[in-house]
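S.K.: Got final-v6.cif for you, mmCIF, C-alpha atoms and all ligand atoms:
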data_work
#
loop_
_atom_site.label_atom_id
_atom_site.label_comp_id
_atom_site.auth_asym_id
_atom_site.auth_seq_id
_atom_site.Cartn_x
_atom_site.Cartn_y
_atom_site.Cartn_z
CA MET A 1 26.04 -31.49 13.21
CA THR A 2 25.74 -28.08 14.84
CA THR A 3 24.96 -27.68 18.53
CA HIS A 4 23.42 -24.29 17.79
CA LEU A 5 19.95 -25.70 17.21
CA MET A 6 17.74 -26.21 20.25
CA ASN A 7 17.53 -29.85 21.08
CA THR A 8 13.83 -30.30 20.26
CA TYR A 9 13.96 -33.13 17.73
CA ALA A 10 15.43 -36.62 17.60
CA ARG A 11 16.49 -36.13 14.00
CA GLN A 12 17.42 -38.92 11.63
CA PRO A 13 20.99 -38.70 10.37
CA LEU A 14 20.31 -37.67 6.80
CA ALA A 15 19.30 -34.66 4.71
CA PHE A 16 17.58 -34.46 1.37
CA VAL A 17 18.83 -32.25 -1.39
CA ARG A 18 16.32 -32.88 -4.17
CA GLY A 19 12.88 -34.29 -4.77
CA GLU A 20 10.76 -35.29 -7.72
CA GLY A 21 7.24 -36.63 -7.41
CA ALA A 22 7.09 -39.21 -4.63
CA TRP A 23 10.89 -39.59 -4.48
CA LEU A 24 13.65 -37.83 -2.53
CA TRP A 25 17.45 -37.93 -2.92
CA ASP A 26 19.90 -37.56 -0.04
CA GLU A 27 23.32 -35.89 -0.03
CA ALA A 28 25.00 -39.13 -1.13
CA GLY A 29 22.67 -39.48 -4.12
CA LYS A 30 20.62 -42.33 -2.66
CA ARG A 31 16.94 -42.40 -3.66
CA TYR A 32 14.02 -42.87 -1.23
CA LEU A 33 10.32 -43.47 -1.73
CA ASP A 34 8.51 -40.88 0.36
CA ALA A 35 5.61 -42.19 2.48
CA VAL A 36 5.92 -39.39 5.06
CA ALA A 37 5.41 -36.36 2.79
CA GLY A 38 6.92 -33.97 5.32
CA VAL A 39 4.38 -35.27 7.87
CA ALA A 40 1.28 -35.22 5.65
CA VAL A 41 2.23 -31.90 4.06
CA ASN A 42 3.55 -32.54 0.54
CA GLY A 43 0.35 -33.82 -1.06
CA LEU A 44 1.63 -32.93 -4.54
CA GLY A 45 4.94 -34.66 -3.87
CA HIS A 46 8.16 -32.81 -4.61
CA GLY A 47 9.02 -30.40 -7.42
CA HIS A 48 5.46 -30.13 -8.72
CA PRO A 49 5.83 -27.82 -11.77
CA GLY A 50 2.53 -25.93 -11.26
CA LEU A 51 3.32 -25.28 -7.61
CA VAL A 52 6.91 -24.23 -8.31
CA LYS A 53 5.77 -21.83 -11.03
CA ALA A 54 3.05 -20.27 -8.87
CA ILE A 55 5.49 -19.71 -5.99
CA ALA A 56 8.18 -18.26 -8.27
CA GLU A 57 5.74 -15.90 -10.00
CA GLN A 58 4.23 -14.71 -6.74
CA ALA A 59 7.68 -14.24 -5.17
CA ALA A 60 8.69 -12.06 -8.09
CA ALA A 61 5.47 -10.01 -7.87
CA VAL A 62 5.11 -9.49 -4.10
CA ILE A 63 5.79 -11.85 -1.18
CA HIS A 64 4.29 -10.10 1.83
CA THR A 65 2.32 -6.93 2.48
CA SER A 66 0.63 -7.61 5.90
CA ASN A 67 -3.02 -7.62 6.82
CA LEU A 68 -3.08 -3.84 7.05
CA TYR A 69 -4.11 -4.01 3.39
CA ARG A 70 -6.35 -6.13 1.22
CA VAL A 71 -4.66 -9.29 -0.03
CA PRO A 72 -6.39 -10.39 -3.26
CA ARG A 73 -4.82 -13.87 -3.23
CA GLN A 74 -6.11 -14.36 0.34
CA GLU A 75 -9.63 -13.33 -0.71
CA GLU A 76 -9.48 -15.72 -3.65
CA LEU A 77 -8.28 -18.58 -1.43
CA ALA A 78 -11.01 -17.87 1.15
CA ASP A 79 -13.65 -18.02 -1.60
CA ARG A 80 -12.26 -21.32 -2.89
CA LEU A 81 -12.03 -22.95 0.55
CA CYS A 82 -15.54 -21.83 1.53
CA ALA A 83 -17.00 -23.15 -1.73
CA LEU A 84 -15.32 -26.52 -1.15
CA SER A 85 -16.29 -26.82 2.52
CA ARG A 86 -19.62 -24.94 2.83
CA MET A 87 -18.00 -22.67 5.41
CA ASP A 88 -18.63 -18.90 5.37
CA ARG A 89 -15.44 -17.18 6.55
CA VAL A 90 -11.72 -17.92 6.95
CA PHE A 91 -8.99 -16.63 9.25
CA PHE A 92 -5.51 -17.33 7.88
CA CYS A 93 -2.48 -18.12 10.02
CA ASN A 94 0.76 -20.06 9.52
CA SER A 95 0.47 -23.48 11.12
CA GLY A 96 -1.83 -26.11 12.56
CA CYS A 97 -1.51 -25.10 16.19
CA GLU A 98 -2.37 -21.52 15.26
CA ALA A 99 -5.45 -22.67 13.36
CA ASN A 100 -6.59 -24.55 16.47
CA GLU A 101 -5.61 -21.64 18.69
CA ALA A 102 -7.92 -19.45 16.60
CA ALA A 103 -10.72 -22.02 16.96
CA ILE A 104 -10.23 -22.12 20.76
CA LYS A 105 -10.30 -18.33 21.03
CA LEU A 106 -13.35 -18.21 18.78
CA ALA A 107 -15.18 -20.74 20.97
CA ARG A 108 -14.35 -18.84 24.15
CA LEU A 109 -15.53 -15.53 22.67
CA TYR A 110 -18.68 -17.25 21.43
CA GLY A 111 -19.28 -18.60 24.95
CA HIS A 112 -18.75 -15.26 26.63
CA GLY A 113 -21.17 -13.78 24.09
CA LYS A 114 -23.78 -16.19 25.45
CA GLY A 115 -23.01 -15.16 29.04
CA ILE A 116 -21.04 -18.29 29.93
CA GLU A 117 -18.34 -17.16 32.35
CA VAL A 118 -15.97 -20.13 32.17
CA PRO A 119 -16.45 -21.50 28.66
CA THR A 120 -15.40 -25.14 28.40
CA ILE A 121 -14.33 -27.06 25.29
CA ILE A 122 -14.72 -30.83 25.14
CA VAL A 123 -11.56 -32.53 23.82
CA MET A 124 -10.56 -36.14 23.26
CA GLU A 125 -8.16 -38.65 24.73
CA LYS A 126 -5.16 -39.28 22.42
CA ALA A 127 -5.92 -36.05 20.54
CA PHE A 128 -3.13 -33.98 19.02
CA HIS A 129 -3.77 -30.29 18.41
CA GLY A 130 -0.30 -28.71 18.58
CA ARG A 131 2.38 -27.37 20.93
CA THR A 132 1.25 -23.89 21.96
CA MET A 133 -0.04 -23.62 25.53
CA ALA A 134 -3.72 -23.78 24.57
CA THR A 135 -3.26 -26.53 21.99
CA LEU A 136 -1.01 -28.68 24.16
CA THR A 137 -3.64 -28.38 26.87
CA ALA A 138 -6.23 -29.57 24.35
CA THR A 139 -3.89 -32.40 23.31
CA GLY A 140 -4.61 -35.73 25.02
CA SER A 141 -1.06 -36.80 25.80
CA ARG A 142 0.71 -36.39 29.12
CA LYS A 143 4.07 -36.67 27.36
CA ILE A 144 3.37 -33.48 25.45
CA GLN A 145 2.03 -31.61 28.50
CA ALA A 146 4.50 -32.74 31.17
CA GLY A 147 6.75 -29.96 32.45
CA PHE A 148 4.67 -27.16 30.95
CA GLU A 149 2.22 -26.73 33.81
CA PRO A 150 0.26 -24.70 34.67
CA LEU A 151 -1.95 -25.79 31.77
CA LEU A 152 -4.99 -23.79 30.75
CA THR A 153 -8.37 -24.33 32.31
CA GLY A 154 -11.58 -24.64 30.31
CA PHE A 155 -11.18 -28.11 28.78
CA ALA A 156 -13.07 -31.33 29.55
CA ARG A 157 -11.71 -34.61 28.21
CA VAL A 158 -13.64 -37.66 27.01
CA PRO A 159 -12.53 -40.91 25.33
CA TYR A 160 -12.36 -40.76 21.51
CA ASN A 161 -15.23 -42.36 19.62
CA ASP A 162 -17.41 -42.62 22.75
CA ILE A 163 -20.61 -40.65 22.13
CA GLU A 164 -22.11 -41.74 25.43
CA ALA A 165 -19.30 -39.97 27.29
CA VAL A 166 -20.18 -36.76 25.43
CA ARG A 167 -23.84 -37.14 26.44
CA GLN A 168 -22.74 -37.49 30.06
CA VAL A 169 -20.82 -34.21 29.91
CA ALA A 170 -23.81 -32.52 28.23
CA GLU A 171 -25.97 -33.53 31.16
CA HIS A 172 -23.66 -32.35 33.93
CA ASN A 173 -21.59 -29.47 32.55
CA LYS A 174 -23.56 -26.41 31.51
CA SER A 175 -20.47 -24.35 30.68
CA VAL A 176 -19.56 -26.31 27.55
CA VAL A 177 -19.43 -24.14 24.41
CA ALA A 178 -17.73 -26.39 21.84
CA VAL A 179 -16.29 -29.78 20.98
CA LEU A 180 -12.89 -30.06 19.29
CA LEU A 181 -11.79 -33.30 17.63
CA GLU A 182 -9.92 -34.89 14.73
CA VAL A 183 -12.06 -36.89 12.27
CA VAL A 184 -9.18 -39.39 12.09
CA GLN A 185 -6.62 -39.10 14.89
CA GLY A 186 -3.18 -38.77 13.29
CA GLU A 187 -0.48 -38.55 15.96
CA GLY A 188 -2.72 -40.61 18.24
CA GLY A 189 -2.29 -43.67 15.99
CA ILE A 190 -4.61 -43.37 12.92
CA ASN A 191 -7.76 -43.88 15.00
CA LEU A 192 -11.08 -43.84 13.14
CA LEU A 193 -14.55 -42.82 14.32
CA ALA A 194 -17.58 -45.09 14.10
CA PRO A 195 -19.59 -44.28 10.93
CA ASP A 196 -22.46 -42.54 12.76
CA TYR A 197 -20.35 -40.78 15.42
CA LEU A 198 -20.16 -37.36 13.74
CA ALA A 199 -23.89 -37.35 12.95
CA GLU A 200 -24.65 -38.09 16.60
CA MET A 201 -22.19 -35.43 17.69
CA ARG A 202 -23.84 -32.92 15.33
CA LYS A 203 -27.23 -33.65 16.96
CA ILE A 204 -25.82 -33.13 20.46
CA CYS A 205 -24.11 -29.88 19.43
CA ASP A 206 -27.32 -28.56 17.86
CA ALA A 207 -29.40 -29.50 20.90
CA GLN A 208 -26.90 -27.91 23.32
CA GLY A 209 -25.88 -24.87 21.27
CA TRP A 210 -22.26 -26.09 21.11
CA LEU A 211 -19.90 -25.44 18.21
CA LEU A 212 -18.71 -28.58 16.42
CA MET A 213 -15.04 -27.82 15.73
CA LEU A 214 -12.98 -30.23 13.64
CA ASP A 215 -9.20 -30.26 13.62
CA GLU A 216 -8.62 -31.21 9.98
CA VAL A 217 -5.01 -30.06 10.04
CA GLN A 218 -3.88 -33.55 8.99
CA THR A 219 -7.06 -34.97 7.39
CA GLY A 220 -7.88 -31.90 5.28
CA ILE A 221 -6.95 -31.06 1.67
CA GLY A 222 -7.48 -34.47 0.13
CA ARG A 223 -5.58 -36.63 2.59
CA THR A 224 -8.50 -39.01 3.19
CA GLY A 225 -9.77 -39.02 -0.42
CA THR A 226 -12.22 -36.12 0.00
CA TRP A 227 -11.36 -32.43 0.34
CA PHE A 228 -12.07 -32.65 4.07
CA GLY A 229 -12.41 -35.70 6.28
CA PHE A 230 -15.89 -34.67 7.47
CA GLN A 231 -17.20 -35.09 3.91
CA HIS A 232 -17.28 -38.87 4.36
CA SER A 233 -19.96 -38.33 7.01
CA GLY A 234 -22.36 -35.83 5.44
CA VAL A 235 -22.04 -33.74 8.62
CA VAL A 236 -20.86 -30.13 8.32
CA PRO A 237 -18.95 -28.63 11.27
CA ASP A 238 -19.23 -25.05 12.60
CA VAL A 239 -15.47 -24.54 12.74
CA MET A 240 -12.61 -26.30 10.97
CA ALA A 241 -8.83 -25.99 11.30
CA LEU A 242 -6.56 -26.63 8.31
CA ALA A 243 -2.82 -26.44 7.76
CA LYS A 244 -0.45 -29.27 6.79
CA GLY A 245 -1.47 -30.06 3.17
CA LEU A 246 -2.87 -26.62 2.39
CA GLY A 247 0.31 -24.95 1.15
CA SER A 248 2.23 -28.06 0.03
CA GLY A 249 5.11 -27.04 2.31
CA VAL A 250 4.80 -23.27 2.26
CA PRO A 251 3.59 -22.53 5.81
CA ILE A 252 -0.10 -21.64 5.98
CA GLY A 253 -2.94 -22.49 8.33
CA ALA A 254 -6.61 -21.60 8.26
CA CYS A 255 -9.51 -21.51 10.70
CA LEU A 256 -12.84 -21.68 8.86
CA ALA A 257 -16.24 -21.03 10.39
CA ARG A 258 -19.88 -21.18 9.37
CA GLY A 259 -23.08 -19.44 10.42
CA ALA A 260 -23.03 -17.69 13.81
CA ALA A 261 -19.46 -18.90 14.45
CA ALA A 262 -18.28 -17.02 11.35
CA GLU A 263 -19.46 -13.72 12.86
CA VAL A 264 -17.75 -14.06 16.25
CA PHE A 265 -14.40 -12.35 15.56
CA LYS A 266 -14.44 -8.57 15.19
CA PRO A 267 -11.53 -6.25 14.34
CA GLY A 268 -8.98 -6.42 17.15
CA ASN A 269 -9.98 -9.87 18.44
CA HIS A 270 -7.32 -11.86 16.62
CA GLY A 271 -4.54 -11.45 14.09
CA SER A 272 -1.33 -12.67 12.51
CA THR A 273 1.47 -10.70 10.85
CA PHE A 274 2.27 -13.33 8.24
CA GLY A 275 -1.15 -14.98 8.11
CA GLY A 276 -2.41 -15.48 4.57
CA ASN A 277 0.37 -13.56 2.87
CA PRO A 278 0.46 -13.50 -0.94
CA LEU A 279 3.21 -16.13 -1.24
CA ALA A 280 1.51 -18.67 1.05
CA CYS A 281 -1.87 -18.10 -0.58
CA ALA A 282 -0.40 -18.53 -4.06
CA ALA A 283 1.03 -21.89 -2.95
CA ALA A 284 -2.33 -22.92 -1.51
CA LEU A 285 -4.24 -21.87 -4.64
CA ALA A 286 -1.80 -23.84 -6.81
CA THR A 287 -2.30 -26.83 -4.48
CA LEU A 288 -6.08 -26.70 -4.88
CA ASP A 289 -5.71 -26.30 -8.67
CA ALA A 290 -3.46 -29.34 -8.93
CA ILE A 291 -5.66 -31.52 -6.71
CA GLU A 292 -8.62 -30.62 -8.91
CA SER A 293 -7.03 -30.86 -12.33
CA GLU A 294 -5.09 -34.05 -11.59
CA GLY A 295 -7.94 -35.93 -9.93
CA LEU A 296 -5.95 -36.34 -6.72
CA LEU A 297 -8.93 -36.80 -4.41
CA GLN A 298 -9.96 -39.88 -6.32
CA ASN A 299 -6.35 -41.00 -6.59
CA ALA A 300 -5.85 -40.68 -2.83
CA GLY A 301 -8.93 -42.82 -2.23
CA VAL A 302 -7.98 -45.51 -4.75
CA ARG A 303 -4.24 -45.69 -3.94
CA GLY A 304 -4.87 -45.61 -0.21
CA GLU A 305 -7.25 -48.53 -0.49
CA ALA A 306 -4.73 -50.37 -2.70
CA ILE A 307 -2.01 -49.89 -0.09
CA ARG A 308 -4.25 -51.20 2.69
CA ALA A 309 -5.43 -54.14 0.56
CA GLY A 310 -1.84 -54.96 -0.43
CA LEU A 311 -0.61 -54.84 3.15
CA ARG A 312 -3.54 -56.94 4.39
CA GLU A 313 -2.80 -59.59 1.80
CA ALA A 314 0.95 -59.59 2.36
CA LEU A 315 0.62 -59.64 6.14
CA ALA A 316 -2.35 -62.01 6.43
CA GLY A 317 -1.87 -64.39 9.36
CA VAL A 318 1.35 -62.72 10.50
CA HIS A 319 1.34 -62.87 14.29
CA GLY A 320 1.86 -59.45 15.89
CA VAL A 321 -0.03 -57.39 13.31
CA VAL A 322 -2.99 -56.01 15.26
CA GLU A 323 -4.77 -54.00 12.55
CA ILE A 324 -4.30 -52.29 9.19
CA ARG A 325 -6.62 -49.31 8.96
CA GLY A 326 -7.09 -45.81 7.60
CA GLU A 327 -8.94 -43.63 5.18
CA GLY A 328 -7.45 -42.59 1.82
CA MET A 329 -3.76 -41.78 2.09
CA MET A 330 -3.76 -41.85 5.89
CA ILE A 331 -2.80 -45.38 6.81
CA GLY A 332 -1.91 -47.07 10.08
CA VAL A 333 -0.36 -50.50 10.62
CA GLU A 334 -0.72 -51.29 14.31
CA LEU A 335 1.63 -53.89 15.78
CA ASP A 336 1.42 -55.56 19.18
CA ARG A 337 4.75 -54.06 20.28
CA PRO A 338 6.75 -50.81 20.01
CA CYS A 339 8.26 -50.48 16.53
CA GLY A 340 10.04 -47.12 16.34
CA GLU A 341 13.21 -48.80 15.13
CA LEU A 342 11.43 -49.74 11.85
CA VAL A 343 11.84 -46.16 10.67
CA GLY A 344 15.59 -46.75 10.37
CA VAL A 345 15.19 -50.22 8.87
CA ALA A 346 12.86 -48.82 6.18
CA ARG A 347 15.20 -45.91 5.54
CA ASP A 348 18.10 -48.29 4.90
CA ALA A 349 15.80 -50.05 2.42
CA GLY A 350 15.09 -46.73 0.69
CA VAL A 351 11.60 -46.05 2.05
CA LEU A 352 10.61 -43.18 4.36
CA ILE A 353 7.96 -44.12 6.92
CA ASN A 354 6.90 -42.81 10.32
CA VAL A 355 5.91 -44.48 13.57
CA THR A 356 3.45 -42.82 15.95
CA ALA A 357 1.81 -43.81 19.24
CA GLU A 358 4.79 -46.20 19.71
CA ARG A 359 3.22 -49.20 17.95
CA VAL A 360 1.62 -47.75 14.81
CA ILE A 361 3.41 -47.42 11.47
CA ARG A 362 1.94 -44.28 9.94
CA LEU A 363 1.95 -43.96 6.15
CA VAL A 364 0.90 -40.55 4.82
CA PRO A 365 2.28 -40.56 1.27
CA PRO A 366 1.91 -37.79 -1.31
CA LEU A 367 -1.51 -38.00 -2.98
CA ILE A 368 0.15 -38.53 -6.37
CA TYR A 369 1.24 -42.16 -5.94
CA GLY A 370 0.85 -44.42 -8.98
CA ASP A 371 0.84 -48.23 -9.25
CA ALA A 372 4.64 -48.41 -9.07
CA GLU A 373 4.88 -46.47 -5.80
CA VAL A 374 2.05 -48.48 -4.25
CA SER A 375 3.79 -51.74 -4.97
CA VAL A 376 7.24 -50.57 -3.81
CA LEU A 377 5.70 -49.35 -0.54
CA VAL A 378 3.60 -52.46 0.07
CA ASP A 379 6.53 -54.80 -0.64
CA ALA A 380 8.95 -52.85 1.53
CA VAL A 381 6.66 -52.30 4.52
CA SER A 382 5.27 -55.83 4.54
CA SER A 383 8.69 -57.46 4.37
CA ILE A 384 10.12 -55.15 7.05
CA VAL A 385 7.18 -55.86 9.35
CA ARG A 386 7.32 -59.61 8.75
CA ASN A 387 11.07 -59.75 9.44
CA TYR A 388 10.73 -57.65 12.56
CA LEU A 389 7.93 -59.71 14.07
CA GLN A 390 9.56 -63.04 13.24
CA GLN A 391 12.95 -62.01 14.54
CA ALA A 392 11.51 -60.75 17.82
CA ALA A 393 9.30 -63.82 18.33
C1 LIG Y 1 0.27 -31.50 12.90
C2 LIG Y 1 -1.00 -31.27 13.59
C3 LIG Y 1 -1.23 -30.12 14.35
C4 LIG Y 1 -0.15 -29.10 14.62
O1 LIG Y 1 0.26 -28.45 13.47
P1 LIG Y 1 1.59 -27.53 13.51
O2 LIG Y 1 1.63 -26.94 12.13
O3 LIG Y 1 2.75 -28.41 13.81
O4 LIG Y 1 1.36 -26.52 14.56
C5 LIG Y 1 -2.48 -29.94 14.91
N1 LIG Y 1 -3.46 -30.84 14.74
C6 LIG Y 1 -3.28 -31.96 14.01
C7 LIG Y 1 -4.41 -32.91 13.83
C8 LIG Y 1 -2.05 -32.23 13.42
O5 LIG Y 1 -1.85 -33.35 12.73
#
Would you mind giving the structure from this file in structure tokens?
M.R.:
Amino acid sequence: MTTHLMNTYARQPLAFVRGEGAWLWDEAGKRYLDAVAGVAVNGLGHGHPGLVKAIAEQAAAVIHTSNLYRVPRQEELADRLCALSRMDRVFFCNSGCEANEAAIKLARLYGHGKGIEVPTIIVMEKAFHGRTMATLTATGSRKIQAGFEPLLTGFARVPYNDIEAVRQVAEHNKSVVAVLLEVVQGEGGINLLAPDYLAEMRKICDAQGWLLMLDEVQTGIGRTGTWFGFQHSGVVPDVMALAKGLGSGVPIGACLARGAAAEVFKPGNHGSTFGGNPLACAAALATLDAIESEGLLQNAGVRGEAIRAGLREALAGVHGVVEIRGEGMMIGVELDRPCGELVGVARDAGVLINVTAERVIRLVPPLIYGDAEVSVLVDAVSSIVRNYLQQAA
């Protein structure tokens, strides 16, 4: 292993050389069932023919031209995303943190436009919004912030899923301009909102003139069984950040906005050299096409529920399993103790899983799972968890 890479990741000691559908092969030819999907990115799995063809054709035509010129693929993708989400305008970037960064800048500019001198954004405990200075400030984890002070000002933090705490801030802090949250917290441990939370939040935002900004970087593009996580609630946000699943692995992020929020940015306010280039947009368009034509929203809903039901049945009564929860193909198995070592145990058994928030097994498989993959995953994860809890007891 080279020492010429900065030491930013605790990498697992293997590399994949080939993938097909929900399966990956390592350098030694061993096969793994993928329940990580490049951290909720590869919704179509690996080697999807429609995606590969679209990327190859676009690469041969033109890869990048910059935003000095019109980019027809970008316009087409913006139209598609707005039609699916009921948003009005899109800014394209290259990652999740950049999509949130755009949302934060948009909210601040919106606030200044209303004469608010120190615009404040309400953010959540256990949130994850990225690793740039603004987004790590918005993130609700000391581990991610420590050592990078001074952090930014202009954020107020409340507990996740606590609408009363938001009402308290509304009463006392007149500089608030927006709320930023994940509809299901991913890195924070697959934490769900109460069913009426977003509707209540929408009411508060409307009454206060705040922007409701959703970080759908992980939940967006079919992950939870609908195009966007907010669509389970019937509430429409003012601003939404997308990235992970959008390009199926070709880097692309997007900040979408609706109504007044969509008119905030003017030429010169924001930009990105690579953002929304023809190659990335072609990958995103092919992703949307495949999700539509292959019924992957419905599949994500059905298979995700089957995985949760299978795990609940297999782990019923097992002491140490706190909760099995999730929405669509975003699944958390919370244990009563740290379980990071299960990643390696599962890998040896030929299954790729992730552990987040120390005690939560996170399963974010490709949206294309069939019956066979569901049962391999349920069997492997349940037996690994059972062995681990029994052995430690
Ligand atoms: C992954 C993630 C991000 C950061 O995305 P990057 O592409 O790594 O910058 C932001 N928000 C959420 C909810 C995420 O899951």
S.K.: Pick out the residues no farther than 7 Å from ligand LIG 1 (chain Y), counting all atoms listed in the file, and list them as a ChimeraX atom specification.
M.R.: /A:95-98,100,128-131,182,185-187,215-218,243-244
S.K.: What is the distance between atom CA of A:Val364 and atom CA of A:Val39, in Å to one decimal?
M.R.: 7.0 Å
S.K.: Which residue, A:Gln145, A:Arg303, A:Ser272, A:Gln231, has the smallest gap to A:Pro365 when you use only C-alpha atoms?
M.R.: A:Arg303
S.K.: Using all atoms listed in the file, which of A:Met201, A:Ala59, A:Leu211, A:Ala357 sits nearest A:Ala262?
M.R.: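 Selected residue with least distance to A:Ala262: A:Leu211.
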S.K.: Using only C-alpha atoms for the distances, tell me which of A:Arg308, A:Ile221, A:Lys266, A:His172 is nearest to A:Asn42.
M.R.: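 Using only C-alpha atoms, the shortest distance to A:Asn42 belongs to A:Ile221.
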S.K.: I'd like the neighbourhood of stretch 232-240 of chain A as a PyMOL selection string, where a residue qualifies if any of its atoms comes within 10 Å (using only C-alpha atoms), though same-chain residues fewer than 5 positions away should be ignored.
M.R.: chain A and resi 85-90+99-100+102-104+106-107+178-183+195-203+205+210-217+220+224-227+254-262+327
S.K.: Selected residues, C-alpha atoms, written as a JSON list (two decimals), in the coordinates of the input, please.
M.R.:
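As a result, result-v2.json now contains:
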[["chain", "number", "residue", "atom", "x", "y", "z"],
["A", 85, "SER", "CA", -16.29, -26.82, 2.52],
["A", 86, "ARG", "CA", -19.62, -24.94, 2.83],
["A", 87, "MET", "CA", -18.00, -22.67, 5.41],
["A", 88, "ASP", "CA", -18.63, -18.90, 5.37],
["A", 89, "ARG", "CA", -15.44, -17.18, 6.55],
["A", 90, "VAL", "CA", -11.72, -17.92, 6.95],
["A", 99, "ALA", "CA", -5.45, -22.67, 13.36],
["A", 100, "ASN", "CA", -6.59, -24.55, 16.47],
["A", 102, "ALA", "CA", -7.92, -19.45, 16.60],
["A", 103, "ALA", "CA", -10.72, -22.02, 16.96],
["A", 104, "ILE", "CA", -10.23, -22.12, 20.76],
["A", 106, "LEU", "CA", -13.35, -18.21, 18.78],
["A", 107, "ALA", "CA", -15.18, -20.74, 20.97],
["A", 178, "ALA", "CA", -17.73, -26.39, 21.84],
["A", 179, "VAL", "CA", -16.29, -29.78, 20.98],
["A", 180, "LEU", "CA", -12.89, -30.06, 19.29],
["A", 181, "LEU", "CA", -11.79, -33.30, 17.63],
["A", 182, "GLU", "CA", -9.92, -34.89, 14.73],
["A", 183, "VAL", "CA", -12.06, -36.89, 12.27],
["A", 195, "PRO", "CA", -19.59, -44.28, 10.93],
["A", 196, "ASP", "CA", -22.46, -42.54, 12.76],
["A", 197, "TYR", "CA", -20.35, -40.78, 15.42],
["A", 198, "LEU", "CA", -20.16, -37.36, 13.74],
["A", 199, "ALA", "CA", -23.89, -37.35, 12.95],
["A", 200, "GLU", "CA", -24.65, -38.09, 16.60],
["A", 201, "MET", "CA", -22.19, -35.43, 17.69],
["A", 202, "ARG", "CA", -23.84, -32.92, 15.33],
["A", 203, "LYS", "CA", -27.23, -33.65, 16.96],
["A", 205, "CYS", "CA", -24.11, -29.88, 19.43],
["A", 210, "TRP", "CA", -22.26, -26.09, 21.11],
["A", 211, "LEU", "CA", -19.90, -25.44, 18.21],
["A", 212, "LEU", "CA", -18.71, -28.58, 16.42],
["A", 213, "MET", "CA", -15.04, -27.82, 15.73],
["A", 214, "LEU", "CA", -12.98, -30.23, 13.64],
["A", 215, "ASP", "CA", -9.20, -30.26, 13.62],
["A", 216, "GLU", "CA", -8.62, -31.21, 9.98],
["A", 217, "VAL", "CA", -5.01, -30.06, 10.04],
["A", 220, "GLY", "CA", -7.88, -31.90, 5.28],
["A", 224, "THR", "CA", -8.50, -39.01, 3.19],
["A", 225, "GLY", "CA", -9.77, -39.02, -0.42],
["A", 226, "THR", "CA", -12.22, -36.12, 0.00],
["A", 227, "TRP", "CA", -11.36, -32.43, 0.34],
["A", 254, "ALA", "CA", -6.61, -21.60, 8.26],
["A", 255, "CYS", "CA", -9.51, -21.51, 10.70],
["A", 256, "LEU", "CA", -12.84, -21.68, 8.86],
["A", 257, "ALA", "CA", -16.24, -21.03, 10.39],
["A", 258, "ARG", "CA", -19.88, -21.18, 9.37],
["A", 259, "GLY", "CA", -23.08, -19.44, 10.42],
["A", 260, "ALA", "CA", -23.03, -17.69, 13.81],
["A", 261, "ALA", "CA", -19.46, -18.90, 14.45],
["A", 262, "ALA", "CA", -18.28, -17.02, 11.35],
["A", 327, "GLU", "CA", -8.94, -43.63, 5.18]]
S.K.: So how many Å separate atom CA of A:Val322 and atom CA of A:Asn354, to one decimal?
M.R.: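 Those two atoms sit 17.2 Å apart.
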S.K.: List every protein, DNA or RNA residue with an atom no more than 12 Å from (0.9, -47.7, -9.5) in the file's coordinates, counting all atoms listed in the file, and format the result as a list in words.
M.R.: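 Neighbouring residues, ordered by chain and number, come to Ala22, Asn299, Ala300, Val302, Arg303, Gly304, Ala306, Ile307, Gly310, Leu367, Ile368, Tyr369, Gly370, Asp371, Ala372, Glu373, Val374, Ser375, Val376, Leu377 and Val378 of chain A.
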S.K.: Those same residues - C-alpha atoms - I'd like them written as a PDB file, in the frame of the given file.
M.R.:
ATOM      1  CA  ALA A  22       7.090 -39.210  -4.630  1.00  0.00           C
ATOM      2  CA  ASN A 299      -6.350 -41.000  -6.590  1.00  0.00           C
ATOM      3  CA  ALA A 300      -5.850 -40.680  -2.830  1.00  0.00           C
ATOM      4  CA  VAL A 302      -7.980 -45.510  -4.750  1.00  0.00           C
ATOM      5  CA  ARG A 303      -4.240 -45.690  -3.940  1.00  0.00           C
ATOM      6  CA  GLY A 304      -4.870 -45.610  -0.210  1.00  0.00           C
ATOM      7  CA  ALA A 306      -4.730 -50.370  -2.700  1.00  0.00           C
ATOM      8  CA  ILE A 307      -2.010 -49.890  -0.090  1.00  0.00           C
ATOM      9  CA  GLY A 310      -1.840 -54.960  -0.430  1.00  0.00           C
ATOM     10  CA  LEU A 367      -1.510 -38.000  -2.980  1.00  0.00           C
ATOM     11  CA  ILE A 368       0.150 -38.530  -6.370  1.00  0.00           C
ATOM     12  CA  TYR A 369       1.240 -42.160  -5.940  1.00  0.00           C
ATOM     13  CA  GLY A 370       0.850 -44.420  -8.980  1.00  0.00           C
ATOM     14  CA  ASP A 371       0.840 -48.230  -9.250  1.00  0.00           C
ATOM     15  CA  ALA A 372       4.640 -48.410  -9.070  1.00  0.00           C
ATOM     16  CA  GLU A 373       4.880 -46.470  -5.800  1.00  0.00           C
ATOM     17  CA  VAL A 374       2.050 -48.480  -4.250  1.00  0.00           C
ATOM     18  CA  SER A 375       3.790 -51.740  -4.970  1.00  0.00           C
ATOM     19  CA  VAL A 376       7.240 -50.570  -3.810  1.00  0.00           C
ATOM     20  CA  LEU A 377       5.700 -49.350  -0.540  1.00  0.00           C
ATOM     21  CA  VAL A 378       3.600 -52.460   0.070  1.00  0.00           C
TER      22      VAL A 378
END
S.K.: I'd like a table as JSON lines: residues in stretch 150-260 of chain A with an atom no more than 8 Å from stretch 134-137 of chain A, each row giving the shortest atom pair and its distance in Å to one decimal, only C-alpha atoms counted, sorted by chain and rising residue number.
M.R.:
{"residue": "A:Leu151", "atom": "CA", "partner": "A:Thr137", "partner_atom": "CA", "distance": 5.8}
{"residue": "A:Leu152", "atom": "CA", "partner": "A:Thr137", "partner_atom": "CA", "distance": 6.2}
{"residue": "A:Phe155", "atom": "CA", "partner": "A:Thr137", "partner_atom": "CA", "distance": 7.8}
